[in-house]
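Undergrad: Just passing along the structure, written as structure tokens.
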Amino acid sequence: MAVLMLLQNKNAKPGENIWTSNGPYGASVKTIAINPADHLKLFIGTIHNGIYKTSDAGEHWMHIDSDSLDFVQRQIAIHPFGPDTIYATTVRGAYKSIDGGLSWRNISPPGRERQEFRAIALDPVNPNIILTGGPFDRWKSTDSGQNWYRFSIDPEGGMDFPIEALAINPESTNIVYLLTSSAEFGKGIYKSTDGGETWFNTHNNSDSSGFGEDVVIDPSNTNIIYYVRVDAFRQSIGGHFVSKSTDAGLSWTDISPIVQGEWGARSLVISPSNSDILYLATMGDGVFKSTDAGFSWSTVNSGLNKYNCIDLEIDSIDGSIYLGTVGDGIYKSTNNGASWRKISYNILAQPCTAMAFLLQTPPTAFVVGGSGCYRQTPGDSTWEYVATAVSPRYNLSDISTDRFLPQNMYLTSALFPSYDSDTLGFYLSTDSGQSWNLRSNGLPLDGIYEGIAISYISPSDKRIFLAHNNSMLSGIYCSDNDGQSWSYCGNGLPPPLEAQINIIAVAPNSPNIIAASDYFNNFFISTNRGDSWSQTNFPSPGGSNGFIYEIVFDPYDSLHIFVSGSGYGIFETTDLGNSWEEITHDLPVLSYPDVDGLAINPLNTLNMFVASLGYGVYQTHDGGQTWEPLNVGLDSAYCPGKMYFVPGDTTRLYLVSYGRSVWSIHRTLTGVEDDAPPLPEGVSLSAYPNPFNSSTTLNYSLPKAGHITITICNILGQSVATLYSGIQNAGPHSLAWDATPFSSGLYFARLNHADGVKVAKLLLLK
């Protein structure tokens, strides 16, 4: 039986062996419905996590936890006279609740129980009459969904396009407008004058492009119709996306505002107190307002974090406006759009893509995704929004911190198709995320920058790599000067049009070894720090339908690489990609394996974690031979994403979910040999290889966090190089020394720490 579940409060702490989440709060809010009998009660349907309900006008939300209701929502409609009766359309069926959302049953027509339904409309006079439909067919019921019969919008045998929206005339309910997804063929909007029995096309002189999103009838003058659509493909040449008819659809006038972002809008609402006042939710420019019935527009975006909007609704009682966004949840305005306030408290469905930690004690966590950047400060479980210099039109794809300069942070923005490309690309912060500077000189100003990877030879020798795709100049770009300039480093990769690189990773203890993959299941290796690449014989069992999600190096063996992805599960190589072995084994996956979030315990490489689609988090204690669930407290229905250990504390693990915000867990160590071992009792320092030619890697462990200095001294005891000076967390670390400028001979690595000095001999042979 379904229940209403109040999600974790803002003071919750990560539990012992139980997953908890405190955000970042948000979701892609596809639909908003206000209870007609009690305006404080609202329902929202999200794209990734079903339906949420509020009883206090959005101050607090409860998730409707239902095993029967599909979690990918399309539209919600509430019975105008009996508000406990609610209808919901989803990607897998149409549903009905008669107890205010507590329980649901599928009321789809026979044989259509798993089919997508997009639009739904109830007759405002006789709500037993329902119209609905989706990509494949459209239906009508006259008995509240108990029985259905099909209707066609093109009875003469032409193309019967998917239905996107419906609107019933409140004064004459036999008049219905229907919107399809195919305005490109002049069949965008249809009209019925007999309650949906027969239809005729009323697209007429409206611009023939785009995909229908919304159709709205002015209740004060039902001859006035608004027709809203999107068309990303014609953005570069312009077009119309809001049309108005004053003669019930016989003719149309374009009233589109001028936008900077993607060409199109998704929702329009009319003020119940003044029909000349309109609000328009756009795909990339936020909200527009008109006070003259659409002849002129101005943006009203104060308070919005993101400008990609989906749905708008106005409370007819107090005039409050509710706005559903892509990724950033729901906003509310109580001053006619002059300002917006985010009201997504307890909504855990924000899309997140990457996490990074400031290396301080304790670490500060940063997470990025479709709704921007958020920070979780030490000692506080809540997430705080971080304003960046990135345009609100862009998604953020990856974030990283500098190993040696922890106040330095790196950020990538991504968008396809491009908007105002002058703010796309790579950003640097030198003050722990307080301010950001765009550094994209030499980068293509389109496409998606999905991955950041950094190769450290020394604090003064750092190379940053970016994975780039969906561009005419896709591939891998690198910078040796913190992003001041960039160069293409694709020698050996496919041509730019084919090199759709989505993942890149650097071996932790071998900065010259880099791995990368593209969306075609190709796997590439560089052994010279990106100067050239070679393709490995990755098996790619998923074929053209699969692709790699994650590349993770063994922390201590640069030849040992793990790969997880869609279509094949998990593979590993111990010889730098020459041969591969599948280690999915008994990991429960769907018939089409979809495994992400691969993370390796840095203190015990046999202890690994993955996030599998539909089954949640699993761990292994034997390098992937056997797997066991780690899902207590976790919403495992849809939680693919990336996983991160907290630096210096392998008991704390984060799951950054693509559709369920961020979850964390505190693992109680059991003392068994396959769990994370305790920190070292003392400082250790060694080098490999040793003797060496040109470069070696220093491996060292710290029993506690603190300030350290690592220097290289010659045989006379004189310091010839400083490799690191700063604070580091407890645990194992590695650091490369490039001795190319130095002559052969005996050297000493010297590690100064709070409790003394540790020295290791180094023999350089050229």
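Here's how to read the names in the structure tokens: chain A, B, ... by the order shown, residue numbers from 1 in each chain, ligand numbers from 1 in the order shown.
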Could you give me, as JSON lines, a per-residue list for range 577-676 of chain A showing, wherever an atom lies at most 12 Å from an atom of range 394-410 of chain A, the closest pair of atoms and their distance in Å to one decimal, using only C-alpha atoms and sorting by chain then residue number from low to high?
TA:
```
{"residue": "A:Lys642", "atom": "CA", "partner": "A:Asp398", "partner_atom": "CA", "distance": 11.3}
{"residue": "A:Pro647", "atom": "CA", "partner": "A:Arg403", "partner_atom": "CA", "distance": 11.1}
{"residue": "A:Val656", "atom": "CA", "partner": "A:Asp398", "partner_atom": "CA", "distance": 11.8}
{"residue": "A:Tyr658", "atom": "CA", "partner": "A:Ser397", "partner_atom": "CA", "distance": 11.1}
```
Undergrad: Which residues come within 7 Å of range 724-728 of chain A, counting only C-alpha atoms, excluding same-chain residues fewer than 3 positions away, as a PyMOL selection string?
TA: chain A and resi 359+404+459+705-710
Undergrad: Within 8 Å of Thr198 in chain A, counting only C-alpha atoms, which residues qualify if same-chain residues fewer than 6 places away don't, as an MDAnalysis selection string?
TA: chainID A and resid 151:153 155 192
Undergrad: Using only C-alpha atoms, determine which residues lie at most 7 Å from range 252-264 of chain A, disregarding the query and same-chain residues fewer than 5 positions distant; provide the list as a PDB file with N, CA and C atoms, in the first residue's frame.
TA:
```pdb
ATOM      1  N   ASN A 205      -2.609  29.783 -40.580  1.00  0.00           N
ATOM      2  CA  ASN A 205      -1.428  30.576 -40.935  1.00  0.00           C
ATOM      3  C   ASN A 205      -0.383  30.623 -39.819  1.00  0.00           C
ATOM      4  N   SER A 206      -0.532  29.787 -38.783  1.00  0.00           N
ATOM      5  CA  SER A 206       0.471  29.758 -37.727  1.00  0.00           C
ATOM      6  C   SER A 206       1.772  29.190 -38.270  1.00  0.00           C
ATOM      7  N   ARG A 229       4.979  26.516 -28.372  1.00  0.00           N
ATOM      8  CA  ARG A 229       5.756  25.391 -28.887  1.00  0.00           C
ATOM      9  C   ARG A 229       7.257  25.657 -28.758  1.00  0.00           C
ATOM     10  N   VAL A 230       8.050  24.647 -29.079  1.00  0.00           N
ATOM     11  CA  VAL A 230       9.510  24.765 -29.056  1.00  0.00           C
ATOM     12  C   VAL A 230      10.053  24.259 -30.382  1.00  0.00           C
ATOM     13  N   ASP A 231      11.268  24.723 -30.695  1.00  0.00           N
ATOM     14  CA  ASP A 231      11.940  24.243 -31.899  1.00  0.00           C
ATOM     15  C   ASP A 231      13.424  24.535 -31.789  1.00  0.00           C
ATOM     16  N   ALA A 232      14.163  23.627 -31.142  1.00  0.00           N
ATOM     17  CA  ALA A 232      15.597  23.821 -30.958  1.00  0.00           C
ATOM     18  C   ALA A 232      16.338  23.784 -32.280  1.00  0.00           C
ATOM     19  N   GLN A 235      16.601  27.224 -34.021  1.00  0.00           N
ATOM     20  CA  GLN A 235      16.991  28.343 -33.166  1.00  0.00           C
ATOM     21  C   GLN A 235      17.876  29.346 -33.902  1.00  0.00           C
ATOM     22  N   HIS A 240       8.873  31.379 -34.800  1.00  0.00           N
ATOM     23  CA  HIS A 240       7.788  31.758 -33.906  1.00  0.00           C
ATOM     24  C   HIS A 240       7.503  30.617 -32.939  1.00  0.00           C
ATOM     25  N   PHE A 241       7.265  30.956 -31.676  1.00  0.00           N
ATOM     26  CA  PHE A 241       6.956  29.899 -30.722  1.00  0.00           C
ATOM     27  C   PHE A 241       5.778  30.236 -29.816  1.00  0.00           C
ATOM     28  N   VAL A 242       5.242  31.441 -29.921  1.00  0.00           N
ATOM     29  CA  VAL A 242       3.991  31.772 -29.248  1.00  0.00           C
ATOM     30  C   VAL A 242       3.079  32.458 -30.262  1.00  0.00           C
ATOM     31  N   SER A 243       1.921  31.857 -30.500  1.00  0.00           N
ATOM     32  CA  SER A 243       0.951  32.433 -31.427  1.00  0.00           C
ATOM     33  C   SER A 243      -0.348  32.720 -30.685  1.00  0.00           C
ATOM     34  N   LYS A 244      -1.066  33.706 -31.174  1.00  0.00           N
ATOM     35  CA  LYS A 244      -2.322  34.120 -30.555  1.00  0.00           C
ATOM     36  C   LYS A 244      -3.409  34.206 -31.623  1.00  0.00           C
ATOM     37  N   SER A 245      -4.572  33.696 -31.266  1.00  0.00           N
ATOM     38  CA  SER A 245      -5.733  33.816 -32.137  1.00  0.00           C
ATOM     39  C   SER A 245      -6.831  34.554 -31.384  1.00  0.00           C
ATOM     40  N   THR A 282       9.931  29.740 -20.524  1.00  0.00           N
ATOM     41  CA  THR A 282      10.739  29.436 -21.703  1.00  0.00           C
ATOM     42  C   THR A 282      11.784  28.366 -21.396  1.00  0.00           C
ATOM     43  N   MET A 283      12.434  27.882 -22.448  1.00  0.00           N
ATOM     44  CA  MET A 283      13.399  26.800 -22.299  1.00  0.00           C
ATOM     45  C   MET A 283      14.784  27.284 -21.903  1.00  0.00           C
ATOM     46  N   GLY A 284      15.079  28.557 -22.085  1.00  0.00           N
ATOM     47  CA  GLY A 284      16.421  29.009 -21.757  1.00  0.00           C
ATOM     48  C   GLY A 284      16.517  30.423 -21.251  1.00  0.00           C
ATOM     49  N   ASP A 285      15.406  31.134 -21.184  1.00  0.00           N
ATOM     50  CA  ASP A 285      15.437  32.528 -20.767  1.00  0.00           C
ATOM     51  C   ASP A 285      14.565  32.802 -19.551  1.00  0.00           C
ATOM     52  N   GLY A 294       0.360  40.082 -24.644  1.00  0.00           N
ATOM     53  CA  GLY A 294       1.360  39.419 -25.460  1.00  0.00           C
ATOM     54  C   GLY A 294       2.010  40.267 -26.529  1.00  0.00           C
ATOM     55  N   PHE A 295       1.691  41.537 -26.626  1.00  0.00           N
ATOM     56  CA  PHE A 295       2.307  42.366 -27.664  1.00  0.00           C
ATOM     57  C   PHE A 295       3.697  42.839 -27.268  1.00  0.00           C
ATOM     58  N   TRP A 297       6.911  42.062 -24.095  1.00  0.00           N
ATOM     59  CA  TRP A 297       7.308  41.157 -23.028  1.00  0.00           C
ATOM     60  C   TRP A 297       8.543  41.691 -22.304  1.00  0.00           C
ATOM     61  N   ARG A 393      21.624  29.745 -18.112  1.00  0.00           N
ATOM     62  CA  ARG A 393      21.105  28.889 -19.171  1.00  0.00           C
ATOM     63  C   ARG A 393      21.864  27.570 -19.263  1.00  0.00           C
ATOM     64  N   TYR A 419      23.821  28.361 -26.479  1.00  0.00           N
ATOM     65  CA  TYR A 419      23.110  29.618 -26.314  1.00  0.00           C
ATOM     66  C   TYR A 419      24.110  30.752 -26.528  1.00  0.00           C
ATOM     67  N   ASP A 420      24.330  31.553 -25.477  1.00  0.00           N
ATOM     68  CA  ASP A 420      25.318  32.623 -25.575  1.00  0.00           C
ATOM     69  C   ASP A 420      26.677  31.998 -25.297  1.00  0.00           C
TER      70      ASP A 420
END
```
Undergrad: If I take CA of Ser532 in chain A and CA of Pro496 in chain A, how far is one from the other in Å, to one decimal?
TA: 14.7 Å
Undergrad: Which residues come within 8 Å of Gln619 in chain A, counting only C-alpha atoms, excluding same-chain residues fewer than 2 positions away, as a PDB file with C-alpha atoms, in the first residue's frame?
TA:
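Dumped everything to around.pdb:
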```pdb
ATOM      1  CA  ASN A 607      36.660  -3.173  -1.775  1.00  0.00           C
ATOM      2  CA  MET A 608      34.655  -1.498  -4.579  1.00  0.00           C
ATOM      3  CA  PHE A 609      31.217   0.077  -4.973  1.00  0.00           C
ATOM      4  CA  VAL A 610      28.852   0.580  -7.917  1.00  0.00           C
ATOM      5  CA  VAL A 617      24.357   0.410  -4.583  1.00  0.00           C
ATOM      6  CA  HIS A 621      35.141  -7.276  -0.914  1.00  0.00           C
ATOM      7  CA  TRP A 627      28.679  -8.481  -4.828  1.00  0.00           C
ATOM      8  CA  GLU A 628      26.319  -7.614  -1.976  1.00  0.00           C
ATOM      9  CA  PRO A 629      23.725  -4.826  -1.597  1.00  0.00           C
ATOM     10  CA  LEU A 630      24.323  -1.644   0.378  1.00  0.00           C
TER      11      LEU A 630
END
```
Undergrad: List the neighbours of Asn301 in chain A out to 8 Å using only C-alpha atoms; skip same-chain residues closer than 3 positions along the sequence, and give me the result as an NGL selection string.
TA: :A and (286-287 or 304 or 307 or 337-340)
Undergrad: Residues of the last selection are to be written out with N, CA and C atoms, as a PDB file, in the first residue's frame.
TA:
```
ATOM      1  N   GLY A 286      14.160  31.765 -18.863  1.00  0.00           N
ATOM      2  CA  GLY A 286      13.369  31.960 -17.666  1.00  0.00           C
ATOM      3  C   GLY A 286      11.933  32.303 -17.969  1.00  0.00           C
ATOM      4  N   VAL A 287      11.400  33.297 -17.236  1.00  0.00           N
ATOM      5  CA  VAL A 287       9.985  33.661 -17.329  1.00  0.00           C
ATOM      6  C   VAL A 287       9.847  35.037 -17.960  1.00  0.00           C
ATOM      7  N   LEU A 304      15.753  33.430  -9.601  1.00  0.00           N
ATOM      8  CA  LEU A 304      15.885  32.129 -10.245  1.00  0.00           C
ATOM      9  C   LEU A 304      17.355  31.746 -10.369  1.00  0.00           C
ATOM     10  N   TYR A 307      17.374  29.024 -15.814  1.00  0.00           N
ATOM     11  CA  TYR A 307      16.405  29.638 -16.707  1.00  0.00           C
ATOM     12  C   TYR A 307      15.658  28.632 -17.591  1.00  0.00           C
ATOM     13  N   GLY A 337       5.454  38.065 -10.034  1.00  0.00           N
ATOM     14  CA  GLY A 337       6.645  37.745 -10.810  1.00  0.00           C
ATOM     15  C   GLY A 337       7.825  38.653 -10.580  1.00  0.00           C
ATOM     16  N   ALA A 338       7.694  39.665  -9.723  1.00  0.00           N
ATOM     17  CA  ALA A 338       8.818  40.579  -9.487  1.00  0.00           C
ATOM     18  C   ALA A 338      10.013  39.851  -8.882  1.00  0.00           C
ATOM     19  N   SER A 339       9.766  38.819  -8.086  1.00  0.00           N
ATOM     20  CA  SER A 339      10.850  38.010  -7.523  1.00  0.00           C
ATOM     21  C   SER A 339      10.327  36.604  -7.270  1.00  0.00           C
ATOM     22  N   TRP A 340      11.276  35.654  -7.240  1.00  0.00           N
ATOM     23  CA  TRP A 340      10.939  34.248  -7.055  1.00  0.00           C
ATOM     24  C   TRP A 340      11.693  33.688  -5.861  1.00  0.00           C
TER      25      TRP A 340
END
```
Undergrad: What is the distance between CA of Ser371 in chain A and CA of Lys306 in chain A, in Å to one decimal?
TA: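 Pair CA of Ser371 in chain A / CA of Lys306 in chain A returns 6.1 Å.
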Undergrad: Based on DSSP run over this structure's backbone, return all residues of range 135-310 of chain A in helix (DSSP H, G or I), as a list in words.
TA: Ala183, Glu184, Phe185, Ala232, Phe233, Arg234, Gln235, Ser236 and Ile237 of chain A
Undergrad: Based on the selection just made, write C-alpha atoms of those residues as a PDB file, in the first residue's frame.
TA:
```pdb
ATOM      1  CA  ALA A 183       3.787  21.716 -36.172  1.00  0.00           C
ATOM      2  CA  GLU A 184       6.501  21.232 -38.801  1.00  0.00           C
ATOM      3  CA  PHE A 185       3.936  19.685 -41.132  1.00  0.00           C
ATOM      4  CA  ALA A 232      15.597  23.821 -30.958  1.00  0.00           C
ATOM      5  CA  PHE A 233      16.537  22.877 -34.506  1.00  0.00           C
ATOM      6  CA  ARG A 234      15.520  26.243 -35.936  1.00  0.00           C
ATOM      7  CA  GLN A 235      16.991  28.343 -33.166  1.00  0.00           C
ATOM      8  CA  SER A 236      19.829  29.693 -35.298  1.00  0.00           C
ATOM      9  CA  ILE A 237      17.465  31.071 -37.959  1.00  0.00           C
TER      10      ILE A 237
END
```
Undergrad: Go through A:Ser267, A:Ser273, A:Ser302, A:Asn174 and flag the residue nearest Gly319 in chain A, using only C-alpha atoms for the distances.
TA: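 Selected residue with least distance to Gly319 in chain A: A:Ser273.
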Undergrad: What's around Phe366 in chain A at 10 Å? Count only C-alpha atoms, leave out sequence neighbours fewer than 3 positions away in its own chain, and write the answer as an MDAnalysis selection string.
TA: chainID A and resid 354:358 363 373:377 383:386 399:401 409 433
Undergrad: Can you spit out the residues from that selection as a compact mmCIF listing (two decimals), in the first residue's frame, using C-alpha atoms?
TA:
```
# COMPACT_ATOMS: atom_id res chain seq x y z
CA ALA A 354 29.88 15.41 -10.16
CA MET A 355 31.41 16.13 -6.75
CA ALA A 356 34.69 17.58 -5.48
CA PHE A 357 36.18 18.26 -2.05
CA LEU A 358 38.25 21.12 -0.72
CA PRO A 363 36.60 18.58 3.78
CA CYS A 373 26.58 24.38 -7.92
CA TYR A 374 25.95 23.61 -4.23
CA ARG A 375 28.26 23.49 -1.22
CA GLN A 376 28.04 21.47 2.00
CA THR A 377 30.24 23.08 4.63
CA TRP A 383 23.46 22.27 0.90
CA GLU A 384 23.99 25.94 0.07
CA TYR A 385 23.59 27.29 -3.46
CA VAL A 386 26.86 28.69 -4.86
CA ILE A 399 34.01 20.05 -10.89
CA SER A 400 37.48 19.39 -9.49
CA THR A 401 39.90 20.77 -6.88
CA MET A 409 38.73 24.83 -8.11
CA GLY A 433 34.56 28.81 -4.98
```
Undergrad: Ranking A:Ala57, A:Pro392, A:Ile217, A:Leu280 by minimum distance to Thr334 in chain A and counting only C-alpha atoms, which one comes first?
TA: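 When distances to Thr334 in chain A are compared using only C-alpha atoms, the smallest one comes from A:Ala57.
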